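Asks: Have a peek at protein_0.txt (compact mmCIF, C-alpha atoms).
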# COMPACT_ATOMS: atom_id res chain seq x y z
CA MET A 1 -10.58 -15.27 41.53
CA ILE A 2 -12.44 -12.48 39.79
CA VAL A 3 -14.47 -10.53 42.30
CA CYS A 4 -16.02 -7.92 40.05
CA VAL A 5 -16.52 -7.03 36.38
CA ALA A 6 -18.00 -3.83 35.00
CA VAL A 7 -18.98 -2.33 31.65
CA VAL A 8 -18.92 1.46 31.58
CA GLY A 9 -20.28 3.54 28.69
CA HIS A 10 -18.51 6.37 26.90
CA GLN A 11 -19.98 9.01 29.19
CA ASN A 12 -18.79 7.02 32.19
CA ASN A 13 -22.29 5.71 32.75
CA PRO A 14 -22.47 2.21 34.20
CA LEU A 15 -23.91 -0.29 31.72
CA TYR A 16 -23.31 -3.46 33.70
CA ILE A 17 -21.64 -4.16 37.02
CA GLN A 18 -21.56 -7.50 38.73
CA SER A 19 -19.64 -8.72 41.75
CA PHE A 20 -18.88 -12.37 42.39
CA THR A 21 -18.30 -12.53 46.14
CA GLU A 22 -20.23 -14.07 48.98
CA ALA A 23 -19.45 -11.24 51.35
CA ASP A 24 -21.39 -7.99 51.42
CA ASP A 25 -18.70 -5.87 49.79
CA ALA A 26 -20.44 -4.76 46.60
CA LEU A 27 -20.11 -1.11 47.61
CA LYS A 28 -16.37 -1.42 48.12
CA LEU A 29 -15.93 -3.07 44.73
CA HIS A 30 -18.07 -0.45 43.02
CA HIS A 31 -15.85 2.15 44.60
CA ILE A 32 -12.74 0.48 43.19
CA VAL A 33 -14.32 0.38 39.74
CA HIS A 34 -15.26 4.03 40.06
CA CYS A 35 -11.71 5.01 40.99
CA SER A 36 -10.25 3.09 38.08
CA LEU A 37 -12.22 5.24 35.61
CA ASP A 38 -9.89 8.12 36.37
CA VAL A 39 -6.88 5.91 35.76
CA ILE A 40 -8.30 4.88 32.38
CA ASP A 41 -8.88 8.53 31.43
CA GLU A 42 -5.32 9.31 32.36
CA ARG A 43 -3.92 6.39 30.36
CA VAL A 44 -5.90 7.28 27.27
CA ASN A 45 -5.14 10.99 27.34
CA ASN A 46 -1.42 10.59 28.07
CA PRO A 47 -0.53 7.54 25.99
CA LYS A 48 3.21 8.08 26.50
CA LYS A 49 3.21 6.54 29.94
CA SER A 50 1.42 3.32 29.07
CA GLY A 51 3.87 0.54 28.44
CA PRO A 52 2.04 -1.60 25.85
CA LEU A 53 1.36 -0.72 22.23
CA LEU A 54 -0.14 2.61 21.37
CA ASN A 55 -3.94 2.59 21.15
CA GLU A 56 -4.26 -1.03 22.06
CA THR A 57 -7.68 -1.91 23.45
CA PHE A 58 -6.13 -3.75 26.37
CA LEU A 59 -4.97 -1.16 28.88
CA GLY A 60 -3.15 -3.53 31.22
CA LEU A 61 -2.94 -3.30 34.97
CA LEU A 62 -4.58 -0.06 36.04
CA TYR A 63 -3.50 -0.14 39.65
CA PRO A 64 -2.76 -2.71 42.30
CA THR A 65 -4.28 -2.31 45.73
CA GLU A 66 -3.38 -4.32 48.77
CA ASN A 67 -5.90 -7.05 48.07
CA TYR A 68 -6.92 -6.52 44.48
CA LYS A 69 -5.59 -5.99 41.01
CA VAL A 70 -7.59 -3.90 38.58
CA TYR A 71 -7.34 -4.37 34.80
CA GLY A 72 -8.91 -2.23 32.10
CA TYR A 73 -9.92 -2.51 28.46
CA LEU A 74 -11.23 0.23 26.18
CA THR A 75 -13.08 -0.67 23.01
CA ASN A 76 -13.11 1.30 19.80
CA THR A 77 -16.58 2.43 20.67
CA LYS A 78 -15.28 4.06 23.87
CA VAL A 79 -16.82 1.47 26.16
CA LYS A 80 -14.69 0.48 29.13
CA PHE A 81 -14.43 -2.97 30.64
CA ILE A 82 -13.01 -3.26 34.14
CA LEU A 83 -11.90 -6.41 35.92
CA VAL A 84 -11.14 -6.66 39.62
CA THR A 85 -9.36 -9.80 40.77
CA THR A 86 -7.94 -11.08 44.05
CA ASP A 87 -5.23 -13.15 42.34
CA LEU A 88 -2.01 -11.29 42.81
CA ASP A 89 0.03 -13.27 40.29
CA VAL A 90 -2.06 -13.06 37.14
CA LYS A 91 -0.65 -13.66 33.68
CA ASP A 92 -1.28 -10.87 31.19
CA ALA A 93 -2.21 -13.43 28.55
CA ASP A 94 -5.00 -14.79 30.74
CA VAL A 95 -6.42 -11.32 31.26
CA ARG A 96 -6.22 -10.57 27.53
CA ASN A 97 -8.00 -13.80 26.82
CA PHE A 98 -10.65 -12.94 29.38
CA PHE A 99 -11.27 -9.53 27.85
CA ARG A 100 -11.45 -10.99 24.34
CA ARG A 101 -14.19 -13.37 25.38
CA PHE A 102 -15.89 -10.66 27.40
CA HIS A 103 -15.87 -8.33 24.41
CA ALA A 104 -17.45 -11.03 22.25
CA ALA A 105 -20.19 -11.50 24.85
CA TYR A 106 -20.71 -7.74 24.99
CA GLY A 107 -20.91 -7.58 21.20
CA ASP A 108 -23.64 -10.20 21.24
CA ALA A 109 -25.49 -8.35 23.98
CA VAL A 110 -25.58 -4.99 22.20
CA SER A 111 -26.62 -6.63 18.95
CA ASN A 112 -29.81 -7.70 20.66
CA PRO A 113 -32.53 -5.64 18.94
CA PHE A 114 -34.25 -5.12 22.30
CA HIS A 115 -31.18 -3.54 23.81
CA VAL A 116 -31.30 0.25 23.87
CA PRO A 117 -27.83 1.71 23.19
CA GLY A 118 -26.49 3.62 26.17
CA LYS A 119 -28.85 1.90 28.62
CA LYS A 120 -27.98 -0.78 31.14
CA ILE A 121 -27.59 -4.30 29.83
CA THR A 122 -30.36 -6.34 31.39
CA SER A 123 -30.08 -9.44 29.22
CA ARG A 124 -30.05 -12.66 31.22
CA THR A 125 -28.09 -14.40 28.47
CA PHE A 126 -25.34 -11.82 28.85
CA ALA A 127 -25.24 -12.35 32.62
CA GLU A 128 -24.96 -16.08 32.10
CA SER A 129 -22.18 -15.87 29.55
CA VAL A 130 -20.30 -13.41 31.76
CA SER A 131 -20.43 -15.75 34.72
CA THR A 132 -19.23 -18.61 32.49
CA ILE A 133 -16.27 -16.52 31.34
CA VAL A 134 -15.50 -15.47 34.90
CA LYS A 135 -15.51 -19.09 36.08
CA ALA A 136 -13.27 -20.14 33.19
CA PHE A 137 -10.77 -17.43 34.16
CA GLY A 138 -10.45 -18.93 37.64
CA LEU A 139 -9.69 -22.35 36.18
CA SER A 140 -7.07 -21.22 33.68
CA SER A 141 -5.14 -19.13 36.19
CA ALA A 142 -5.22 -21.88 38.81
CA GLY A 143 -3.85 -24.47 36.42
CA MET B 1 -16.04 -16.79 12.24
CA GLY B 2 -19.07 -14.78 11.26
CA ARG B 3 -22.26 -16.39 10.18
CA GLU B 4 -23.31 -16.13 6.58
CA VAL B 5 -26.60 -14.94 5.14
CA SER B 6 -28.14 -15.45 1.75
CA GLU B 7 -27.54 -12.43 -0.42
CA SER B 8 -30.80 -12.74 -2.30
CA CYS B 9 -32.68 -12.78 1.02
CA ILE B 10 -31.01 -9.54 2.05
CA ASP B 11 -31.72 -8.00 -1.35
CA SER B 12 -35.38 -8.90 -1.11
CA LEU B 13 -35.62 -7.76 2.48
CA VAL B 14 -34.12 -4.36 1.74
CA THR B 15 -36.32 -3.89 -1.32
CA GLU B 16 -39.40 -4.92 0.60
CA MET B 17 -38.52 -2.66 3.53
CA VAL B 18 -38.10 0.35 1.27
CA PHE B 19 -41.32 -0.49 -0.58
CA SER B 20 -43.31 -0.92 2.64
CA PHE B 21 -42.14 2.33 4.16
CA CYS B 22 -42.63 4.33 0.97
CA ASN B 23 -45.91 2.94 -0.24
CA ARG B 24 -47.72 1.59 2.80
CA PHE B 25 -46.67 3.11 6.12
CA TYR B 26 -45.79 6.57 4.91
CA ALA B 27 -47.34 6.80 1.45
CA ASP B 28 -47.02 10.35 0.09
CA LYS B 29 -44.73 11.35 2.95
CA SER B 30 -41.41 10.38 1.43
CA ASP B 31 -39.33 12.48 3.82
CA LEU B 32 -40.83 10.66 6.81
CA ALA B 33 -40.27 7.30 5.16
CA ALA B 34 -36.68 8.28 4.40
CA ARG B 35 -36.08 9.22 8.01
CA ARG B 36 -37.48 5.91 9.27
CA ILE B 37 -35.38 3.87 6.84
CA GLU B 38 -32.29 5.85 7.78
CA ALA B 39 -32.99 5.21 11.46
CA ILE B 40 -33.13 1.46 10.86
CA GLY B 41 -29.81 1.67 9.05
CA TYR B 42 -28.38 3.67 11.92
CA GLN B 43 -29.18 0.91 14.40
CA VAL B 44 -27.74 -1.75 12.11
CA GLY B 45 -24.52 0.22 11.59
CA HIS B 46 -24.26 0.91 15.30
CA GLN B 47 -24.39 -2.80 16.12
CA LEU B 48 -22.16 -3.93 13.27
CA SER B 49 -19.40 -1.50 14.17
CA GLU B 50 -19.18 -2.96 17.66
CA ARG B 51 -18.61 -6.40 16.20
CA TYR B 52 -16.23 -5.48 13.41
CA THR B 53 -13.92 -3.30 15.52
CA MET B 54 -13.27 -6.10 17.98
CA GLU B 55 -9.58 -7.02 18.30
CA ARG B 56 -8.22 -4.02 16.50
CA PRO B 57 -6.40 -1.05 18.01
CA ARG B 58 -8.35 2.11 18.66
CA PHE B 59 -8.46 4.70 15.90
CA SER B 60 -6.36 7.76 16.54
CA ASP B 61 -8.11 10.12 14.11
CA HIS B 62 -11.12 10.48 11.84
CA LEU B 63 -9.27 9.43 8.69
CA GLU B 64 -8.34 6.11 10.21
CA ALA B 65 -11.95 5.43 11.14
CA ILE B 66 -13.13 6.37 7.63
CA LYS B 67 -10.48 4.08 6.15
CA PHE B 68 -11.80 1.30 8.35
CA ILE B 69 -15.29 1.94 6.92
CA CYS B 70 -13.91 1.87 3.36
CA LYS B 71 -11.88 -1.29 3.75
CA ASP B 72 -12.80 -3.72 6.50
CA PHE B 73 -16.36 -2.63 7.18
CA TRP B 74 -17.30 -2.48 3.49
CA SER B 75 -15.71 -5.89 2.85
CA GLU B 76 -17.67 -7.43 5.69
CA VAL B 77 -20.97 -5.97 4.54
CA PHE B 78 -20.61 -5.88 0.75
CA LYS B 79 -17.65 -8.23 0.08
CA LYS B 80 -15.73 -5.48 -1.67
CA GLN B 81 -13.91 -2.33 -0.70
CA ILE B 82 -14.83 1.24 -1.52
CA ASP B 83 -13.23 2.07 -4.88
CA ASN B 84 -12.32 5.67 -4.29
CA LEU B 85 -12.01 7.87 -1.24
CA LYS B 86 -11.75 11.64 -1.55
CA THR B 87 -11.48 14.22 1.18
CA ASN B 88 -11.08 17.96 1.47
CA HIS B 89 -9.23 17.50 4.79
CA ARG B 90 -11.85 19.65 6.47
CA GLY B 91 -14.28 17.02 7.56
CA THR B 92 -15.89 16.02 4.28
CA PHE B 93 -15.25 12.60 2.79
CA VAL B 94 -16.59 11.16 -0.45
CA LEU B 95 -16.72 7.38 -0.70
CA GLN B 96 -17.27 6.11 -4.20
CA ASP B 97 -18.38 2.59 -4.96
CA ASN B 98 -18.28 1.80 -8.68
CA ARG B 99 -20.53 -1.19 -8.33
CA PHE B 100 -22.69 -0.81 -5.27
CA ARG B 101 -24.11 -4.20 -4.48
CA TRP B 102 -27.60 -3.08 -3.56
CA LEU B 103 -27.96 -1.17 -6.83
CA SER B 104 -26.29 -3.71 -9.08
CA ARG B 105 -29.51 -5.53 -9.87
CA MET B 106 -31.63 -2.48 -10.28
CA SER B 107 -32.86 -1.08 -13.56
CA VAL B 108 -35.06 1.80 -14.56
CA GLU B 109 -38.57 0.97 -15.64
CA PRO B 110 -38.70 1.39 -19.46
CA SER B 111 -41.79 3.64 -19.33
CA LEU B 112 -39.89 6.09 -17.12
CA GLU B 113 -36.79 6.23 -19.24
CA THR B 114 -38.08 9.01 -21.46
CA GLY B 115 -38.93 12.52 -20.41
CA GLN B 116 -37.74 14.76 -17.62
CA GLU B 117 -40.55 13.87 -15.24
CA GLY B 118 -39.98 10.15 -15.62
CA GLU B 119 -36.29 10.57 -14.99
CA ASN B 120 -36.95 12.47 -11.78
CA LYS B 121 -39.31 9.76 -10.60
CA ALA B 122 -36.75 7.06 -11.29
CA THR B 123 -34.02 8.93 -9.44
CA GLU B 124 -36.30 9.46 -6.46
CA ALA B 125 -37.23 5.78 -6.33
CA MET B 126 -33.59 4.79 -6.42
CA SER B 127 -32.49 7.31 -3.84
CA MET B 128 -34.98 5.81 -1.39
CA HIS B 129 -32.88 2.67 -1.51
CA LEU B 130 -29.79 4.58 -0.45
CA TYR B 131 -31.12 5.89 2.86
CA PHE B 132 -30.52 2.50 4.44
CA PRO B 133 -26.77 2.28 3.61
CA CYS B 134 -26.41 5.97 4.56
CA GLY B 135 -27.85 5.13 7.96
CA ILE B 136 -25.47 2.20 8.29
CA ILE B 137 -22.46 4.44 7.71
CA ARG B 138 -23.74 7.10 10.08
CA GLY B 139 -24.52 4.53 12.79
CA ALA B 140 -21.09 2.91 12.51
CA LEU B 141 -19.25 6.22 12.66
CA SER B 142 -21.24 7.63 15.54
CA ASN B 143 -20.63 4.49 17.54
CA LEU B 144 -16.93 5.12 16.96
CA GLY B 145 -17.39 8.58 18.43
CA ILE B 146 -17.67 10.54 15.18
CA PRO B 147 -20.99 12.36 14.81
CA CYS B 148 -21.67 13.03 11.13
CA ALA B 149 -24.24 13.46 8.40
CA VAL B 150 -24.25 11.08 5.44
CA SER B 151 -25.90 11.60 2.08
CA ALA B 152 -25.70 9.64 -1.14
CA ASP B 153 -25.97 10.35 -4.81
CA ILE B 154 -26.21 8.17 -7.84
CA SER B 155 -24.05 9.21 -10.71
CA ASN B 156 -24.80 6.40 -13.13
CA LEU B 157 -26.10 3.01 -12.15
CA PRO B 158 -24.70 0.93 -10.40
CA ALA B 159 -22.06 3.39 -9.21
CA CYS B 160 -22.88 5.61 -6.31
CA SER B 161 -21.09 7.80 -3.85
CA PHE B 162 -21.63 8.55 -0.19
CA VAL B 163 -20.77 11.95 1.20
CA ILE B 164 -19.81 12.04 4.87
CA ARG B 165 -19.79 15.40 6.62
CA ILE B 166 -18.28 15.24 10.07
CA LYS B 167 -19.87 17.54 12.60
CA ALA B 168 -17.24 19.56 14.38
Once more with this new file: its structure as structure tokens, please.

Replies:
Amino acid sequence: MIVCVAVVGHQNNPLYIQSFTEADDALKLHHIVHCSLDVIDERVNNPKKSGPLLNETFLGLLYPTENYKVYGYLTNTKVKFILVTTDLDVKDADVRNFFRRFHAAYGDAVSNPFHVPGKKITSRTFAESVSTIVKAFGLSSAG
Amino acid sequence: MGREVSESCIDSLVTEMVFSFCNRFYADKSDLAARRIEAIGYQVGHQLSERYTMERPRFSDHLEAIKFICKDFWSEVFKKQIDNLKTNHRGTFVLQDNRFRWLSRMSVEPSLETGQEGENKATEAMSMHLYFPCGIIRGALSNLGIPCAVSADISNLPACSFVIRIKA
């Protein structure tokens, strides 16, 4: 199950962060997202260490914690997507698929003429499509 | 895939936008009008670049990003690629389009064809139409993390070239 997704701008400014848990652990999840920003910076600046293809948008597993796995994605426009999940046996293909759909939703959101670039995404349509994508991820990895 | 739009609608819209800004909102203040039109282009380019760079690896240097503008971006927007790309390898790039779509149906008013003054007027009127594509290029590149200045000049209709100067 995905517990948190985040969109972070190129100056590491949060554009969108949403947790999907019942419990009151938003702060903890935000902290995990915050920590992962450093890992992304490290991956991007020292591309030797990263296993997958050079300059791929999908950054792979950033770091596993005891209860969570954190995945990252960096677009061409230097916007970071971060995914925190509680599933410990996740297929890479599922995560890639998730990020592809998420990127499409993000593209739609920033093409909204009322969206101000660099400001938080407040669109309700974006929130809805994100939660649809998040739910779909749960189904595909369970099956 | 992407949705399609009528080309004649876009042509009319661009022409009307340029006309409105030059002759109604900012009549006699052509530099202000130019800046407004460029700003609209900037926003359009900014949004388009997000969409068109989806599912492709990140660019490692400026040249790769400029090549993307010349090939994929230009094909998406104008259904053709840039015909010639020149660079001095110090941050200046010249993109030449031998048949720029938004100028291909433009002609000079016969009364202006003679005389130096008329020629200047015609060039000025045409150059107003190039602020919008300049803004598109600048918006796309700055969204890719490359701040730059873009200008255009018309050599002979319908060819035109865009000069990109990357800010260090």

Asks: Tell me the residues of chain B close to chain A, meaning within 8 Å using only C-alpha atoms, as a PyMOL selection string.

Replies: chain B and resi 47-48+50-51+53-60+143-145

Asks: Generate a file of the selected residues that holds C-alpha atoms, formatted as an mmCIF file, in the frame of the given file.

Replies:
data_model
loop_
_atom_site.group_PDB
_atom_site.id
_atom_site.type_symbol
_atom_site.label_atom_id
_atom_site.label_comp_id
_atom_site.auth_asym_id
_atom_site.auth_seq_id
_atom_site.Cartn_x
_atom_site.Cartn_y
_atom_site.Cartn_z
ATOM 1 C CA GLN B 47 -24.390 -2.800 16.120
ATOM 2 C CA LEU B 48 -22.160 -3.930 13.270
ATOM 3 C CA GLU B 50 -19.180 -2.960 17.660
ATOM 4 C CA ARG B 51 -18.610 -6.400 16.200
ATOM 5 C CA THR B 53 -13.920 -3.300 15.520
ATOM 6 C CA MET B 54 -13.270 -6.100 17.980
ATOM 7 C CA GLU B 55 -9.580 -7.020 18.300
ATOM 8 C CA ARG B 56 -8.220 -4.020 16.500
ATOM 9 C CA PRO B 57 -6.400 -1.050 18.010
ATOM 10 C CA ARG B 58 -8.350 2.110 18.660
ATOM 11 C CA PHE B 59 -8.460 4.700 15.900
ATOM 12 C CA SER B 60 -6.360 7.760 16.540
ATOM 13 C CA ASN B 143 -20.630 4.490 17.540
ATOM 14 C CA LEU B 144 -16.930 5.120 16.960
ATOM 15 C CA GLY B 145 -17.390 8.580 18.430
#

Asks: Set the distance at 9 Å and use only C-alpha atoms: which residues neighbour B:Arg99 once local chain neighbours fewer than 5 positions away are removed? I'd like the list as a list in words.

Replies: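 Contacts, with the query itself left out: Asp83, Ser104, Leu157, Pro158, Ala159 and Cys160 of chain B.
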
Asks: Calculated over all atoms listed in the file, which of the candidates B:Met128, B:Ile136, B:Ser151, B:Ser49 has the smallest distance to B:Met17?

Replies: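 Closest to B:Met17, using all atoms listed in the file: B:Met128.
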
Asks: Give me the residues within 10 Å of A:Val95 as a CSV table (one decimal) with C-alpha atoms, in the frame of the given file, counting all atoms listed in the file and dropping any in the same chain fewer than 4 places off.

Replies:
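To be explicit, this is the file written out as out39.csv:
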chain,number,residue,atom,x,y,z
A,58,PHE,CA,-6.1,-3.8,26.4
A,60,GLY,CA,-3.2,-3.5,31.2
A,61,LEU,CA,-2.9,-3.3,35.0
A,71,TYR,CA,-7.3,-4.4,34.8
A,72,GLY,CA,-8.9,-2.2,32.1
A,73,TYR,CA,-9.9,-2.5,28.5
A,83,LEU,CA,-11.9,-6.4,35.9
A,90,VAL,CA,-2.1,-13.1,37.1
A,91,LYS,CA,-0.6,-13.7,33.7
A,99,PHE,CA,-11.3,-9.5,27.8
A,100,ARG,CA,-11.4,-11.0,24.3
A,101,ARG,CA,-14.2,-13.4,25.4
A,137,PHE,CA,-10.8,-17.4,34.2
A,141,SER,CA,-5.1,-19.1,36.2

Asks: Distance atom CA of B:Leu32-atom CA of B:Cys70, one decimal place?

Replies: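 Interatomic distance, atom CA of B:Leu32 to atom CA of B:Cys70: 28.5 Å.
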
Asks: Please, what is the axis-aligned box for every listed atom of stretch 57-68 of chain A with 4 Å on each side, as centre and edge lengths in Å to one decimal, as JSON?

Replies:
{"center_x": -5.2, "center_y": -3.6, "center_z": 36.1, "size_x": 12.9, "size_y": 15.0, "size_z": 33.3}

Asks: So how far away is atom CA of B:Ala65 from atom CA of B:Asn156, in Å?

Replies: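 For atom CA of B:Asn156 relative to atom CA of B:Ala65, the distance reads 27.5 Å.
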
Asks: Counting all atoms listed in the file, note down every residue that has an atom within 10 Å of the point (-16.5, 10.1, 3.6) (file coordinates), as a list in words.

Replies: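 Here the neighbourhood of the point contains His62, Leu63, Ala65, Ile66, Lys67, Ile69, Cys70, Asn84, Leu85, Lys86, Thr87, Asn88, Gly91, Thr92, Phe93, Val94, Leu95, Gln96, Ile137, Cys148, Ala149, Val150, Ser151, Ser161, Phe162, Val163, Ile164, Arg165 and Ile166 of chain B.
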
Asks: Do you have the atom CA of B:Asp97-atom CA of B:Gln81 distance handy?

Replies: 7.9 Å

Asks: Go ahead and find all residues with at least one atom no further than 7 Å from (-19.2, 0.8, 32.5) in the file's coordinates, using only C-alpha atoms; report them as a PyMOL selection string.

Replies: chain A and resi 6-9+12-16+79-81

Asks: Would you please work out which residue, of A:Val33, A:Ala105, A:Ile17, A:Ile82, is nearest to A:Val130 when using only C-alpha atoms?

Replies: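 Comparing A:Val33, A:Ala105, A:Ile17, A:Ile82 against A:Val130, the winner is A:Ala105.
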
Asks: Could you check the closest approach to B:Val77 for each of B:Ala125, B:Ala33, B:Cys22, B:Val5 and tell me which residue wins, using all atoms listed in the file?

Replies: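 Result for the nearest residue to B:Val77: B:Val5.
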
Asks: Hey, what's within 7 Å of stretch 86-89 of chain A if we count only C-alpha atoms and toss same-chain stuff fewer than 2 positions away? As a PyMOL selection string, please?

Replies: chain A and resi 1-3+67-69+91

Asks: Write the selection just made, keeping C-alpha atoms, as a compact mmCIF listing (two decimals), in the coordinates of the input?

Replies:
# COMPACT_ATOMS: atom_id res chain seq x y z
CA MET A 1 -10.58 -15.27 41.53
CA ILE A 2 -12.44 -12.48 39.79
CA VAL A 3 -14.47 -10.53 42.30
CA ASN A 67 -5.90 -7.05 48.07
CA TYR A 68 -6.92 -6.52 44.48
CA LYS A 69 -5.59 -5.99 41.01
CA LYS A 91 -0.65 -13.66 33.68
